[in-house]
Every structure is written in structure tokens, then in C-alpha cells.
Amino acid sequence: MMRVFHIINITFLLGSTAIILVLISLFTPLFSQVIVYLFSLLPLPHVPATAMRSPPTAYVVLGGGLTNDHNNQTILNDYSLNRARTAASAYHDLPLPIVLSGAEAPWLSQWLIEHGIDGLISENASMNTCENARFTAKRIPLRHVYLITDSYHMARARRQFALNGINSTPLAAPLPVSRDWMKPAQNLSHSRRAVYEIAAYLRDVIRPQVDCRYAKDITSQQLLTPRGNAAKTPDE
């Protein structure tokens, strides 16, 4: 009996210590870095062999939300802006067609045009990651793309594109705040983002979201029509 109590005490102590360490790690860069690394190890659904063999032929930029400026005008939020900047930088290194996916597409397009990039391809209908993949696949035939979103969202986004037959090479855009050992609040922001994506990824695997429309539910004209009522929160 004493041995059993001893084992229980040790287990409780180890468990409590582990919980405390995890809670502390939320305020450091460590937790989010580990999650991003683990995300990178997750297997992707099978994609056609042709998609695996093909080189990337386009950049696909996923919208990250909109906000309002001081004049109450709709603009890109910091998530979307960083993705647009990542796309512009990559384009200048290797010019390829840029596909903009999401209700944020018109604003992403405007920003990229203002920064010297044109010939953009947009789909304006998708309102979540699942629809990003389905509607992009409907908008233009693609086998392999450079996928641009943030590093936490990347695993879930790549999975959705793979489910729609599109292979992807990740190009991670930075979050609005950086990790910094001396700034716990910024680290906690990254940790919250990581925890959200863990939950969202598990949801997609265990019980796919019901608000993801199929490509057949949207006409080609709807894919091209800018949405005047675009969401003003991150479209993750």
C-alpha cells in the first residue's frame, strides 16, 4: 500500500511540475517554436504523383483579415499585410503568378499593385481555410504552389490544399509581433496563436467544419466578385 501511495505522489509531483513548466513556457518563445516544429512534422494527405513531381508554378496568398483605419476605411490587418509583403518579396526574387484567396483579395490586390506587381489572379468568395483550398482549386488549375500564410496556420492550410489535389511549398509570413525572451506579452500572443491552431487542426481532422462550402456551390462569377461585407477579423 505504501508503495502505491509513493507512486501516486511521484506521479502527482511530476505531473504538477510538467503543467507548471508548460504554463511558464507560454510566456517564452519556446512553446510556440516547439508547436511550429511539431506542425512541420505532420504528414499531409496524399496528392497526385504529378503534383509531387511538378515545380511550384504560382504563389497562393491566403487572406488573414481586414480592419478599419482612422478614417473608418477598410484596410488589410497586420496578418494580411505581412502575407502581402512576403508575397511581394518572393515575387521579386522569382516572378510567378500570384493567386489571392479570400474576401481580402481586393485589398491584397490593391496593395500589391501599388508595390509594382500586377497580373494578379483572385478568388474573392472563400471565408475560411477550407474554402480557400476548394475555391482556389476551382479558380485556376494548379498542381504545386508556394503557399503563403503564417507558420501556425501553415500546417492546416497545406492539409486543406492537399485534400484538393494541390501540393504546396510553405512560405511563412511573420506574425505582427515577434518572439522575444524579454517580452512575455508578445510570446504569449504567439502561444495563443499556436493553441488556437492546435484546436483548429484537430477539429478539421476529427470533425470537419460544416460551414465550408463545396466548389460546386459557388459559380465562377462569384469567385470573381469582390465581397462588400468582408469580415474584419482574422480569417483563419
# chains A, B, ... in the order shown; residues from 1 in each chain; ligands from 1

call {"tool": "residues_around", "arguments": {"residues": "segment 185-196 of chain A", "least_positions_apart": "5", "cutoff": "9 Å", "atoms": "only C-alpha atoms", "output": "PDB file with C-alpha atoms, in the first residue's frame"}}
result
ATOM      1  CA  SER A  25       6.797  28.268 -21.407  1.00  0.00           C
ATOM      2  CA  LEU A  26       3.703  30.074 -22.735  1.00  0.00           C
ATOM      3  CA  PHE A  27       5.401  33.342 -21.815  1.00  0.00           C
ATOM      4  CA  THR A  28       8.636  32.422 -23.605  1.00  0.00           C
ATOM      5  CA  PRO A  29       9.398  31.782 -27.300  1.00  0.00           C
ATOM      6  CA  LEU A  30       9.895  28.091 -26.501  1.00  0.00           C
ATOM      7  CA  PHE A  31       6.276  26.892 -26.549  1.00  0.00           C
ATOM      8  CA  SER A  32       5.360  28.395 -29.917  1.00  0.00           C
ATOM      9  CA  GLN A  33       8.643  27.308 -31.511  1.00  0.00           C
ATOM     10  CA  ILE A  35       4.495  23.792 -31.799  1.00  0.00           C
ATOM     11  CA  VAL A  36       5.650  25.141 -35.176  1.00  0.00           C
ATOM     12  CA  TYR A 152       0.998  28.431 -37.285  1.00  0.00           C
ATOM     13  CA  HIS A 153      -1.714  28.349 -39.928  1.00  0.00           C
ATOM     14  CA  LEU A 175       3.135  37.468 -37.240  1.00  0.00           C
ATOM     15  CA  VAL A 177       4.700  40.762 -33.198  1.00  0.00           C
ATOM     16  CA  SER A 178       7.979  38.897 -32.892  1.00  0.00           C
ATOM     17  CA  ARG A 179       9.132  36.402 -30.294  1.00  0.00           C
ATOM     18  CA  ASP A 180      11.402  37.935 -27.684  1.00  0.00           C
ATOM     19  CA  TYR A 201      -6.259  21.380 -36.805  1.00  0.00           C
TER      20      TYR A 201
END

call {"tool": "select_by_dssp", "arguments": {"residues": "chain A", "states": "strand (DSSP E)", "output": "ChimeraX atom specification"}}
result
/A:59-62,66-68,74-76,98-101,121-123,144-150,167-173

call {"tool": "closest_residue", "arguments": {"among": "A:Cys130, A:Ile148, A:Leu163, A:Leu120", "to": "Arg85 of chain A", "atoms": "only C-alpha atoms"}}
result
A:Ile148

call {"tool": "select_by_dssp", "arguments": {"residues": "segment 21-125 of chain A", "states": "helix (DSSP H, G or I)", "output": "MDAnalysis selection string"}}
result
chainID A and resid 21:25 29:41 49:53 78:93 105:114

call {"tool": "closest_atom_pairs", "arguments": {"of": "segment 82-153 of chain A", "to": "segment 219-223 of chain A", "cutoff": "6 Å", "atoms": "only C-alpha atoms", "output": "tab-separated table"}}
result
residue	atom	partner	partner_atom	distance
A:Glu123	CA	A:Leu223	CA	4.7
A:Asn124	CA	A:Leu223	CA	5.2
A:Ala125	CA	A:Leu223	CA	5.1

call {"tool": "closest_residue", "arguments": {"among": "A:Ala103, A:Ile20, A:Leu14, A:Ala51", "to": "Pro226 of chain A", "atoms": "only C-alpha atoms"}}
result
A:Ala103

call {"tool": "residues_around", "arguments": {"residues": "Pro55 of chain A", "least_positions_apart": "5", "cutoff": "9 Å", "atoms": "only C-alpha atoms", "output": "VMD selection string"}}
result
chain A and resid 143 to 145

call {"tool": "closest_residue", "arguments": {"among": "A:Ile140, A:Asp69, A:Tyr37, A:Leu44", "to": "Val205 of chain A", "atoms": "only C-alpha atoms"}}
result
A:Leu44

call {"tool": "residues_around", "arguments": {"residues": "Cys212 of chain A", "least_positions_apart": "6", "cutoff": "12 Å", "atoms": "only C-alpha atoms", "output": "list in words"}}
result
Ala125, Ser126, Met127, Asn128, Thr129, Cys130, Glu131, Asn132, Ala133, Arg134, Phe135, Gln160, Asp204 and Ile218 of chain A

call {"tool": "closest_residue", "arguments": {"among": "A:Ser40, A:Leu66, A:Lys138, A:Ala90", "to": "Asp217 of chain A", "atoms": "only C-alpha atoms"}}
result
A:Lys138

call {"tool": "closest_residue", "arguments": {"among": "A:Thr57, A:Gln209, A:Asn68, A:Ser109", "to": "Ser168 of chain A", "atoms": "only C-alpha atoms"}}
result
A:Thr57

call {"tool": "residues_around", "arguments": {"residues": "Ala105 of chain A", "least_positions_apart": "2", "cutoff": "12 Å", "atoms": "only C-alpha atoms", "output": "number ranges by chain"}}
result
A: 60-66, 75-76, 80-81, 83-84, 98-103, 107-113, 120-127, 132, 136, 223-228, 230-231, 235
